[in-house]
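Containing TSV, C-alpha atoms: coords_15.tsv.
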chain	number	residue	atom	x	y	z
A	1	MET	CA	12.69	-14.96	-10.31
A	2	ASN	CA	13.36	-11.26	-10.89
A	3	LEU	CA	12.42	-8.41	-8.57
A	4	MET	CA	9.38	-7.39	-10.61
A	5	THR	CA	7.93	-10.91	-10.38
A	6	ALA	CA	8.54	-10.92	-6.62
A	7	VAL	CA	6.77	-7.55	-6.25
A	8	LEU	CA	3.83	-8.80	-8.32
A	9	GLY	CA	3.65	-11.98	-6.23
A	10	ILE	CA	3.62	-10.02	-2.99
A	11	ASN	CA	0.97	-7.69	-4.43
A	12	ILE	CA	-1.18	-10.68	-5.36
A	13	VAL	CA	-0.92	-12.30	-1.93
A	14	ALA	CA	-1.26	-9.03	0.04
A	15	GLY	CA	-3.90	-7.66	-2.29
A	16	PHE	CA	-6.17	-10.62	-1.91
A	17	THR	CA	-5.56	-11.50	1.76
A	18	LEU	CA	-5.25	-8.04	3.33
A	19	GLY	CA	-7.62	-6.44	0.84
A	20	LEU	CA	-10.38	-8.93	1.51
A	21	LEU	CA	-9.70	-8.74	5.25
A	22	MET	CA	-10.04	-4.94	5.13
A	23	LEU	CA	-13.31	-5.32	3.27
A	24	ARG	CA	-14.77	-7.96	5.56
A	25	ASN	CA	-13.20	-7.25	8.97
A	26	PRO	CA	-11.63	-3.77	9.18
A	27	ALA	CA	-11.68	-3.78	12.98
A	28	LEU	CA	-9.32	-6.78	13.01
A	29	VAL	CA	-6.97	-5.03	10.59
A	30	ASN	CA	-6.93	-1.95	12.84
A	31	ARG	CA	-6.00	-4.13	15.82
A	32	LEU	CA	-3.26	-5.92	13.84
A	33	LEU	CA	-1.74	-2.68	12.57
A	34	GLN	CA	-2.30	-0.89	15.88
A	35	ASN	CA	-3.74	2.06	14.00
A	36	PRO	CA	-3.84	4.97	16.48
A	37	MET	CA	-6.34	6.90	14.34
A	38	GLN	CA	-9.13	4.37	14.77
A	39	ASN	CA	-10.61	2.67	17.82
A	40	PRO	CA	-10.74	-1.02	16.83
A	41	ASP	CA	-14.14	-1.44	18.50
A	42	THR	CA	-15.92	1.27	16.49
A	43	PRO	CA	-17.16	1.19	12.90
A	44	PRO	CA	-14.39	1.78	10.34
A	45	ALA	CA	-14.57	5.53	9.82
A	46	ASN	CA	-11.05	5.53	8.40
A	47	GLY	CA	-11.86	4.09	4.97
A	48	LEU	CA	-10.28	0.66	5.37
A	49	PRO	CA	-12.98	-1.03	3.27
A	50	MET	CA	-12.28	1.39	0.41
A	51	ILE	CA	-8.54	0.74	0.68
A	52	GLY	CA	-9.32	-2.99	0.81
A	53	ALA	CA	-11.17	-2.73	-2.50
A	54	LEU	CA	-8.18	-0.88	-3.97
A	55	TRP	CA	-5.80	-3.58	-2.74
A	56	VAL	CA	-7.92	-6.36	-4.24
A	57	ALA	CA	-7.85	-4.45	-7.55
A	58	ILE	CA	-4.06	-4.10	-7.25
A	59	GLY	CA	-3.87	-7.86	-6.65
A	60	LEU	CA	-5.94	-8.52	-9.77
A	61	MET	CA	-3.82	-6.16	-11.88
A	62	SER	CA	-0.66	-7.77	-10.53
A	63	LEU	CA	-2.01	-11.17	-11.51
A	64	MET	CA	-2.46	-9.89	-15.07
A	65	GLY	CA	1.00	-8.33	-14.85
A	66	LEU	CA	2.57	-11.76	-14.46
A	67	ALA	CA	1.75	-12.30	-18.15
A	68	LYS	CA	2.83	-8.83	-19.31
A	69	SER	CA	4.61	-6.81	-16.64
A	70	MET	CA	4.48	-3.44	-18.43
A	71	LEU	CA	0.69	-3.47	-18.05
A	72	VAL	CA	1.00	-3.21	-14.28
A	73	VAL	CA	3.79	-0.61	-14.05
A	74	PRO	CA	1.32	2.32	-13.76
A	75	VAL	CA	-0.33	0.48	-10.85
A	76	LEU	CA	3.05	0.15	-9.14
A	77	VAL	CA	3.66	3.88	-9.65
A	78	LEU	CA	0.22	4.55	-8.15
A	79	GLN	CA	1.17	2.42	-5.12
A	80	LEU	CA	4.42	4.32	-4.72
A	81	MET	CA	2.60	7.65	-4.91
A	82	TYR	CA	-0.30	6.92	-2.56
A	83	LYS	CA	1.95	5.29	0.03
A	84	GLY	CA	4.34	8.25	-0.18
A	85	ILE	CA	1.52	10.75	0.24
A	86	TRP	CA	0.10	8.78	3.19
A	87	LEU	CA	3.54	8.55	4.81
A	88	ALA	CA	4.26	12.26	4.32
A	89	ASN	CA	0.89	13.14	5.84
A	90	SER	CA	1.54	10.84	8.81
A	91	VAL	CA	4.95	12.39	9.46
A	92	PHE	CA	3.41	15.88	9.12
A	93	ASP	CA	0.79	14.95	11.74
A	94	LEU	CA	3.52	13.58	14.01
A	95	LEU	CA	5.68	16.69	13.75
A	96	PHE	CA	3.10	19.48	13.68
A	97	ASN	CA	-0.08	18.12	15.24
A	98	GLN	CA	1.51	15.87	17.87
A	99	ARG	CA	-0.51	12.86	16.75
A	100	SER	CA	0.95	9.43	17.20
A	101	LEU	CA	2.41	7.65	14.20
A	102	ALA	CA	1.03	4.33	12.97
A	103	LEU	CA	4.50	2.83	13.31
A	104	ARG	CA	3.88	-0.63	11.82
A	105	THR	CA	2.02	0.74	8.82
A	106	SER	CA	4.61	3.49	8.31
A	107	LEU	CA	7.49	1.02	8.40
A	108	LEU	CA	5.74	-1.36	5.99
A	109	PHE	CA	4.90	1.48	3.62
A	110	PHE	CA	8.46	2.83	3.71
A	111	LEU	CA	10.02	-0.57	3.01
A	112	TRP	CA	7.50	-1.28	0.25
A	113	MET	CA	8.21	2.13	-1.32
A	114	VAL	CA	11.92	1.35	-1.45
A	115	LEU	CA	11.22	-2.02	-3.07
A	116	LEU	CA	8.82	-0.44	-5.58
A	117	ALA	CA	11.29	2.33	-6.45
A	118	VAL	CA	13.91	-0.31	-7.27
A	119	ALA	CA	11.56	-2.72	-9.08
A	120	ILE	CA	9.81	-0.22	-11.35
A	121	PRO	CA	11.55	-0.13	-14.75
A	122	TRP	CA	11.78	3.66	-14.88
A	123	HIS	CA	13.91	3.72	-18.02
A	124	THR	CA	11.31	1.67	-19.93
A	125	LEU	CA	8.41	3.65	-18.48
A	126	PHE	CA	9.81	6.98	-19.66
A	127	ALA	CA	10.91	5.54	-23.02
A	128	TYR	CA	7.22	5.37	-24.02
A	129	SER	CA	6.55	9.07	-23.54

Kindly present the structure from the file in structure tokens form.
Amino acid sequence: MNLMTAVLGINIVAGFTLGLLMLRNPALVNRLLQNPMQNPDTPPANGLPMIGALWVAIGLMSLMGLAKSMLVVPVLVLQLMYKGIWLANSVFDLLFNQRSLALRTSLLFFLWMVLLAVAIPWHTLFAYS
């Protein structure tokens, strides 16, 4: 199994399990991730159901990518970008607004960004332009 297949497999599992959980029970996800921006006992004002729908879509695209991996590369780039933007915003809030950092989510996003950056076939992606 190559790294791209592993990334797609993780996307499929995480996309469907976490994505559906975010859609159906966002309060539980907030408690699991210890999200400091959201009280786990209040309605999900932080958009977790929307992110859950995105993750399910990423899982579906990754499933299709098992047959033809270049189809899913733009989705992986999207993941890298939105996680990077979220992480940069979280660090900005930590440094300048003295808000607490969602440490578990930040660590997961950082590690996933490193894995994505290595797994994305950048040379092939830019060869098509």

- [ ] Find, counting only C-alpha atoms, the residue in A:Arg99, A:Val91, A:Ser62, A:Leu18 that gets nearest to Ala6 in chain A.
- [x]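 That would be A:Ser62, the residue with the smallest distance to Ala6 in chain A.
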
- [ ] Find the residues around range 82-89 of chain A up to 9 Å (all atoms listed in the file counted), leave out those fewer than 2 positions away in its own chain, and share them as a list in words.
- [x] Val77, Leu78, Gln79, Leu80, Val91, Phe92, Asp93, Leu94, Thr105, Ser106, Phe109, Phe110, Trp112 and Met113 of chain A

Put a box with edges along x, y and z around all the listed atoms of range 87-93 of chain A, pad it by 6 Å on each side, then give me its centre and sizes in Å, one decimal, as lines of an AutoDock Vina configuration file.
center_x = 2.9
center_y = 12.2
center_z = 8.0
size_x = 16.2
size_y = 19.3
size_z = 19.4

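Picture a line from CA of Leu54 in chain A to CA of Met70 in chain A; it runs 19.4 Å.
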
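Atom pair CA of Pro49 in chain A / CA of Thr17 in chain A has a distance of 12.9 Å (rounded to one decimal).
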
Open item on the list: What's around Leu3 in chain A at 10 Å? Count all atoms listed in the file, leave out sequence neighbours fewer than 5 positions away in its own chain, and write the answer as a VMD selection string.
Closed with: chain A and resid 8 to 9 115 to 116 118 to 120

Could you write those residues out with C-alpha atoms, as an mmCIF file, in the coordinates of the input?
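part-v1.cif, freshly written:
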data_model
loop_
_atom_site.group_PDB
_atom_site.id
_atom_site.type_symbol
_atom_site.label_atom_id
_atom_site.label_comp_id
_atom_site.auth_asym_id
_atom_site.auth_seq_id
_atom_site.Cartn_x
_atom_site.Cartn_y
_atom_site.Cartn_z
ATOM 1 C CA LEU A 8 3.830 -8.800 -8.320
ATOM 2 C CA GLY A 9 3.650 -11.980 -6.230
ATOM 3 C CA LEU A 115 11.220 -2.020 -3.070
ATOM 4 C CA LEU A 116 8.820 -0.440 -5.580
ATOM 5 C CA VAL A 118 13.910 -0.310 -7.270
ATOM 6 C CA ALA A 119 11.560 -2.720 -9.080
ATOM 7 C CA ILE A 120 9.810 -0.220 -11.350
#

- [ ] May I ask which of the residues A:Leu111, A:Val29, A:Val73, A:Met81 is the closest one to Gly47 in chain A, counting only C-alpha atoms?
- [x]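 Using only C-alpha atoms, Gly47 in chain A sits closest to A:Val29.
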
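Among A:His123, A:Met50, A:Leu108, A:Leu76, the residue with the shortest atom-to-atom distance to Leu21 in chain A, counting only C-alpha atoms, is A:Met50.
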
Open item on the list: Please compute the CA of Val7 in chain A-CA of Pro26 in chain A distance, one decimal, in Å.
Closed with: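 So the two atoms, CA of Val7 in chain A and CA of Pro26 in chain A, lie 24.3 Å apart.
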